[in-house]
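*Asks:* Sharing a structure below in structure tokens format, with a few things to ask.
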Amino acid sequence: MGKKADGKVLAQNKKASHDYFIEDTYEAGLVLTGTEIKSLRNGRANIGDAFATIRNGEIHIHNMHISPFEQGNRANPTDPTRTRKLLMHKEQIHKLLGLSKRDGFTIVPLKIYVRNGYAKLLIGLGKGKKEYDKRDSAAKRDAQRDIQRVLRDKQKIAR
């Protein structure tokens with residue numbers, strides 16, 4: 001019996017690539033309670049304001065919003081933005097801790113997806129962009145878009 005590897009992206013932090021230079025990425029498991037996984041699979045998560053911290057050798061994610069599942073147990077409501085523990089190897093956590101202590105580096109969640117039936121969070125080690133870096137990125141993106149448009153128009157004319 002083969003593994004099911006759907007890899008469906010459930011939530012994505014689009015602001016992360018705009019605000020940070022992503023140096024390295026890591027995959028972490030999520031510790032969820034009750035019906036949070038069902039709510040996640042329905043796409044009811046937001047990681048736009050989320051950030052990660054390392055304390056006592058454990059990594060936690062803060063401000064990740066997972067809406068309560070409507071058909072779930074209403075008598076047991078959970079805080080949608082509670083702090084959740086992430087599952088990573090101890091060596092990876094120590095490496096992240098050392099790297100994040102450097103100037104301007106932070107641990108940023110990039111996307112939540114399902115792999116082999118388990119919810120995973122892709123976190124990145126990001127260095128904050130200055131305002132002029134953001135303008136440079138926007139200018140490069142616009143230039144690339146213009147180049148693609150010209151190439152596409154030339155292909156239409158050639159046909």
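Ordered as shown in the structure tokens, chains take letters A, B, and onward, while each chain numbers its residues from 1 and ligands are numbered from 1 in the order shown.
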Write out as an MDAnalysis selection string the residues lying within 12 Å of segment 134-136 of chain A, counting only C-alpha atoms and excluding same-chain residues fewer than 4 positions away.
*Replies:* chainID A and resid 15:21 128:130 140:143
*Asks:* What does the file look like for those residues with C-alpha atoms, as a PDB file, in the first residue's frame?
*Replies:*
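Written file, out_10.pdb:
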ATOM      1  CA  LYS A  15       3.411  38.923   2.708  1.00  0.00           C
ATOM      2  CA  ALA A  16       6.479  36.952   3.805  1.00  0.00           C
ATOM      3  CA  SER A  17       8.356  37.181   0.493  1.00  0.00           C
ATOM      4  CA  HIS A  18       7.508  40.884   0.315  1.00  0.00           C
ATOM      5  CA  ASP A  19       8.737  41.701   3.825  1.00  0.00           C
ATOM      6  CA  TYR A  20      11.667  39.254   4.187  1.00  0.00           C
ATOM      7  CA  PHE A  21      14.574  37.739   2.303  1.00  0.00           C
ATOM      8  CA  GLY A 128      13.786  41.849   7.151  1.00  0.00           C
ATOM      9  CA  LYS A 129      13.792  43.945   3.988  1.00  0.00           C
ATOM     10  CA  LYS A 130      14.331  47.658   4.059  1.00  0.00           C
ATOM     11  CA  LYS A 140      12.406  43.490 -10.839  1.00  0.00           C
ATOM     12  CA  ARG A 141       9.004  41.800 -10.770  1.00  0.00           C
ATOM     13  CA  ASP A 142       7.517  44.468 -13.085  1.00  0.00           C
ATOM     14  CA  ALA A 143      10.468  44.191 -15.476  1.00  0.00           C
TER      15      ALA A 143
END
*Asks:* Using backbone DSSP assignments, extract all alpha helix (DSSP H) residues from segment 49-156 of chain A; output them as a PyMOL selection string.
*Replies:* chain A and resi 90-100+131-156
*Asks:* With N, CA, C and O atoms kept, could you save the residues just selected as a short mmCIF file (atom, residue, chain, number, x, y, z; two decimals), in the first residue's frame?
*Replies:*
data_model
loop_
_atom_site.label_atom_id
_atom_site.label_comp_id
_atom_site.auth_asym_id
_atom_site.auth_seq_id
_atom_site.Cartn_x
_atom_site.Cartn_y
_atom_site.Cartn_z
N LYS A 90 15.47 18.08 17.24
CA LYS A 90 16.18 18.93 18.19
C LYS A 90 17.36 19.64 17.52
O LYS A 90 17.61 20.81 17.79
N GLU A 91 18.05 18.95 16.61
CA GLU A 91 19.19 19.57 15.93
C GLU A 91 18.72 20.75 15.08
O GLU A 91 19.39 21.78 15.00
N GLN A 92 17.56 20.58 14.41
CA GLN A 92 17.03 21.67 13.59
C GLN A 92 16.64 22.88 14.45
O GLN A 92 16.89 24.02 14.07
N ILE A 93 16.06 22.61 15.62
CA ILE A 93 15.66 23.70 16.51
C ILE A 93 16.88 24.45 17.00
O ILE A 93 16.90 25.69 17.01
N HIS A 94 17.95 23.73 17.37
CA HIS A 94 19.17 24.39 17.83
C HIS A 94 19.81 25.21 16.71
O HIS A 94 20.31 26.31 16.95
N LYS A 95 19.78 24.68 15.49
CA LYS A 95 20.33 25.41 14.35
C LYS A 95 19.52 26.68 14.10
O LYS A 95 20.09 27.77 13.90
N LEU A 96 18.19 26.56 14.13
CA LEU A 96 17.33 27.72 13.94
C LEU A 96 17.55 28.76 15.04
O LEU A 96 17.57 29.97 14.77
N LEU A 97 17.72 28.30 16.26
CA LEU A 97 17.95 29.20 17.39
C LEU A 97 19.23 30.00 17.18
O LEU A 97 19.25 31.22 17.34
N GLY A 98 20.29 29.31 16.78
CA GLY A 98 21.56 29.99 16.53
C GLY A 98 21.47 30.99 15.39
O GLY A 98 21.99 32.10 15.48
N LEU A 99 20.77 30.60 14.31
CA LEU A 99 20.66 31.50 13.16
C LEU A 99 19.75 32.68 13.45
O LEU A 99 20.00 33.80 12.99
N SER A 100 18.68 32.46 14.23
CA SER A 100 17.73 33.54 14.48
C SER A 100 18.26 34.56 15.49
O SER A 100 17.72 35.65 15.60
N GLU A 131 12.95 49.39 3.09
CA GLU A 131 11.98 49.94 2.12
C GLU A 131 12.54 49.95 0.71
O GLU A 131 11.84 49.62 -0.25
N TYR A 132 13.84 50.29 0.55
CA TYR A 132 14.41 50.32 -0.80
C TYR A 132 14.54 48.92 -1.38
O TYR A 132 14.48 48.74 -2.59
N ASP A 133 14.72 47.89 -0.52
CA ASP A 133 14.76 46.52 -1.02
C ASP A 133 13.41 46.12 -1.58
O ASP A 133 13.32 45.42 -2.59
N LYS A 134 12.34 46.54 -0.91
CA LYS A 134 10.99 46.23 -1.38
C LYS A 134 10.74 46.89 -2.74
O LYS A 134 10.13 46.30 -3.63
N ARG A 135 11.22 48.14 -2.91
CA ARG A 135 11.05 48.82 -4.20
C ARG A 135 11.84 48.11 -5.28
O ARG A 135 11.37 47.98 -6.42
N ASP A 136 13.06 47.66 -4.96
CA ASP A 136 13.86 46.91 -5.94
C ASP A 136 13.16 45.63 -6.36
O ASP A 136 13.13 45.29 -7.54
N SER A 137 12.60 44.91 -5.38
CA SER A 137 11.89 43.66 -5.70
C SER A 137 10.70 43.93 -6.60
O SER A 137 10.45 43.19 -7.56
N ALA A 138 9.96 44.99 -6.32
CA ALA A 138 8.80 45.34 -7.14
C ALA A 138 9.24 45.72 -8.55
O ALA A 138 8.60 45.33 -9.54
N ALA A 139 10.33 46.47 -8.67
CA ALA A 139 10.82 46.87 -9.99
C ALA A 139 11.28 45.66 -10.79
O ALA A 139 10.99 45.55 -11.99
N LYS A 140 11.97 44.71 -10.15
CA LYS A 140 12.41 43.49 -10.84
C LYS A 140 11.21 42.66 -11.30
O LYS A 140 11.19 42.14 -12.40
N ARG A 141 10.20 42.56 -10.43
CA ARG A 141 9.00 41.80 -10.77
C ARG A 141 8.28 42.44 -11.96
O ARG A 141 7.86 41.75 -12.89
N ASP A 142 8.17 43.77 -11.97
CA ASP A 142 7.52 44.47 -13.09
C ASP A 142 8.31 44.29 -14.37
O ASP A 142 7.72 44.09 -15.45
N ALA A 143 9.64 44.37 -14.29
CA ALA A 143 10.47 44.19 -15.48
C ALA A 143 10.32 42.78 -16.04
O ALA A 143 10.22 42.59 -17.26
N GLN A 144 10.29 41.79 -15.14
CA GLN A 144 10.13 40.39 -15.58
C GLN A 144 8.77 40.20 -16.25
O GLN A 144 8.66 39.51 -17.26
N ARG A 145 7.75 40.84 -15.69
CA ARG A 145 6.40 40.74 -16.27
C ARG A 145 6.37 41.38 -17.66
O ARG A 145 5.77 40.83 -18.59
N ASP A 146 7.06 42.52 -17.83
CA ASP A 146 7.12 43.17 -19.15
C ASP A 146 7.85 42.30 -20.16
O ASP A 146 7.43 42.19 -21.33
N ILE A 147 8.94 41.67 -19.74
CA ILE A 147 9.69 40.78 -20.64
C ILE A 147 8.81 39.61 -21.07
O ILE A 147 8.76 39.26 -22.26
N GLN A 148 8.10 39.01 -20.13
CA GLN A 148 7.22 37.89 -20.48
C GLN A 148 6.12 38.33 -21.43
O GLN A 148 5.75 37.60 -22.35
N ARG A 149 5.59 39.53 -21.24
CA ARG A 149 4.53 40.04 -22.11
C ARG A 149 5.04 40.22 -23.53
O ARG A 149 4.40 39.83 -24.50
N VAL A 150 6.25 40.80 -23.69
CA VAL A 150 6.84 41.01 -25.01
C VAL A 150 7.09 39.68 -25.69
O VAL A 150 6.79 39.50 -26.89
N LEU A 151 7.65 38.70 -24.95
CA LEU A 151 7.91 37.38 -25.53
C LEU A 151 6.62 36.70 -25.98
O LEU A 151 6.56 36.09 -27.05
N ARG A 152 5.58 36.83 -25.16
CA ARG A 152 4.30 36.22 -25.50
C ARG A 152 3.71 36.87 -26.75
O ARG A 152 3.19 36.19 -27.63
N ASP A 153 3.83 38.19 -26.87
CA ASP A 153 3.32 38.90 -28.05
C ASP A 153 4.10 38.50 -29.30
O ASP A 153 3.51 38.35 -30.38
N LYS A 154 5.41 38.32 -29.18
CA LYS A 154 6.21 37.90 -30.33
C LYS A 154 5.83 36.50 -30.80
O LYS A 154 5.83 36.22 -32.00
N GLN A 155 5.49 35.62 -29.84
CA GLN A 155 5.08 34.27 -30.21
C GLN A 155 3.75 34.29 -30.92
O GLN A 155 3.52 33.52 -31.86
N LYS A 156 2.86 35.18 -30.54
CA LYS A 156 1.55 35.30 -31.21
C LYS A 156 1.73 35.78 -32.63
O LYS A 156 1.06 35.32 -33.55
#
*Asks:* Could you pull out all residues of chain A with a DSSP call of strand (DSSP E) and give them as an MDAnalysis selection string?
*Replies:* chainID A and resid 9:12 20:30 45:46 51:55 58:62 65:66 84:87 105:115 118:128
*Asks:* Please provide the set of residues having any atom within 6 Å of Leu125 of chain A, restricted to only C-alpha atoms, with same-chain residues fewer than 4 positions apart removed, written as an mmCIF file with all heavy atoms, in the first residue's frame.
*Replies:*
data_model
loop_
_atom_site.group_PDB
_atom_site.id
_atom_site.type_symbol
_atom_site.label_atom_id
_atom_site.label_comp_id
_atom_site.auth_asym_id
_atom_site.auth_seq_id
_atom_site.Cartn_x
_atom_site.Cartn_y
_atom_site.Cartn_z
ATOM 1 N N ILE A 22 14.043 35.341 2.340
ATOM 2 C CA ILE A 22 13.982 34.009 2.941
ATOM 3 C C ILE A 22 15.302 33.297 2.649
ATOM 4 O O ILE A 22 15.621 33.008 1.499
ATOM 5 C CB ILE A 22 12.782 33.199 2.397
ATOM 6 C CG1 ILE A 22 11.471 33.964 2.604
ATOM 7 C CG2 ILE A 22 12.739 31.827 3.047
ATOM 8 C CD1 ILE A 22 11.125 34.263 4.046
ATOM 9 N N GLU A 23 16.085 33.056 3.708
ATOM 10 C CA GLU A 23 17.405 32.454 3.566
ATOM 11 C C GLU A 23 17.334 30.932 3.502
ATOM 12 O O GLU A 23 18.030 30.310 2.715
ATOM 13 C CB GLU A 23 18.307 32.863 4.737
ATOM 14 C CG GLU A 23 18.497 34.349 4.894
ATOM 15 C CD GLU A 23 19.314 34.968 3.770
ATOM 16 O OE1 GLU A 23 20.229 34.295 3.268
ATOM 17 O OE2 GLU A 23 19.011 36.115 3.403
ATOM 18 N N ASP A 24 16.501 30.322 4.356
ATOM 19 C CA ASP A 24 16.440 28.868 4.458
ATOM 20 C C ASP A 24 15.029 28.470 4.882
ATOM 21 O O ASP A 24 14.351 29.241 5.560
ATOM 22 C CB ASP A 24 17.457 28.394 5.503
ATOM 23 C CG ASP A 24 17.880 26.954 5.290
ATOM 24 O OD1 ASP A 24 17.418 26.336 4.309
ATOM 25 O OD2 ASP A 24 18.678 26.444 6.104
ATOM 26 N N THR A 106 14.529 36.408 11.648
ATOM 27 C CA THR A 106 13.345 35.970 12.370
ATOM 28 C C THR A 106 12.811 34.696 11.721
ATOM 29 O O THR A 106 13.151 34.385 10.582
ATOM 30 C CB THR A 106 12.264 37.074 12.392
ATOM 31 O OG1 THR A 106 11.191 36.654 13.210
ATOM 32 C CG2 THR A 106 11.745 37.369 11.003
ATOM 33 N N ILE A 107 11.986 33.973 12.448
ATOM 34 C CA ILE A 107 11.397 32.732 11.942
ATOM 35 C C ILE A 107 9.984 33.049 11.468
ATOM 36 O O ILE A 107 9.139 33.466 12.258
ATOM 37 C CB ILE A 107 11.387 31.648 13.028
ATOM 38 C CG1 ILE A 107 12.801 31.424 13.543
ATOM 39 C CG2 ILE A 107 10.798 30.358 12.486
ATOM 40 C CD1 ILE A 107 12.876 30.600 14.795
#
*Asks:* Would you work out the distance separating atom CA of Pro109 of chain A from atom CA of Tyr26 of chain A, expressed in Å to one decimal?
*Replies:*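 The value is 9.6 Å.
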*Asks:* One decimal, in Å: what's the spacing between atom CA of Gly34 of chain A and atom CA of Ala52 of chain A?
*Replies:*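 Atom CA of Ala52 of chain A lies 22.0 Å from atom CA of Gly34 of chain A.
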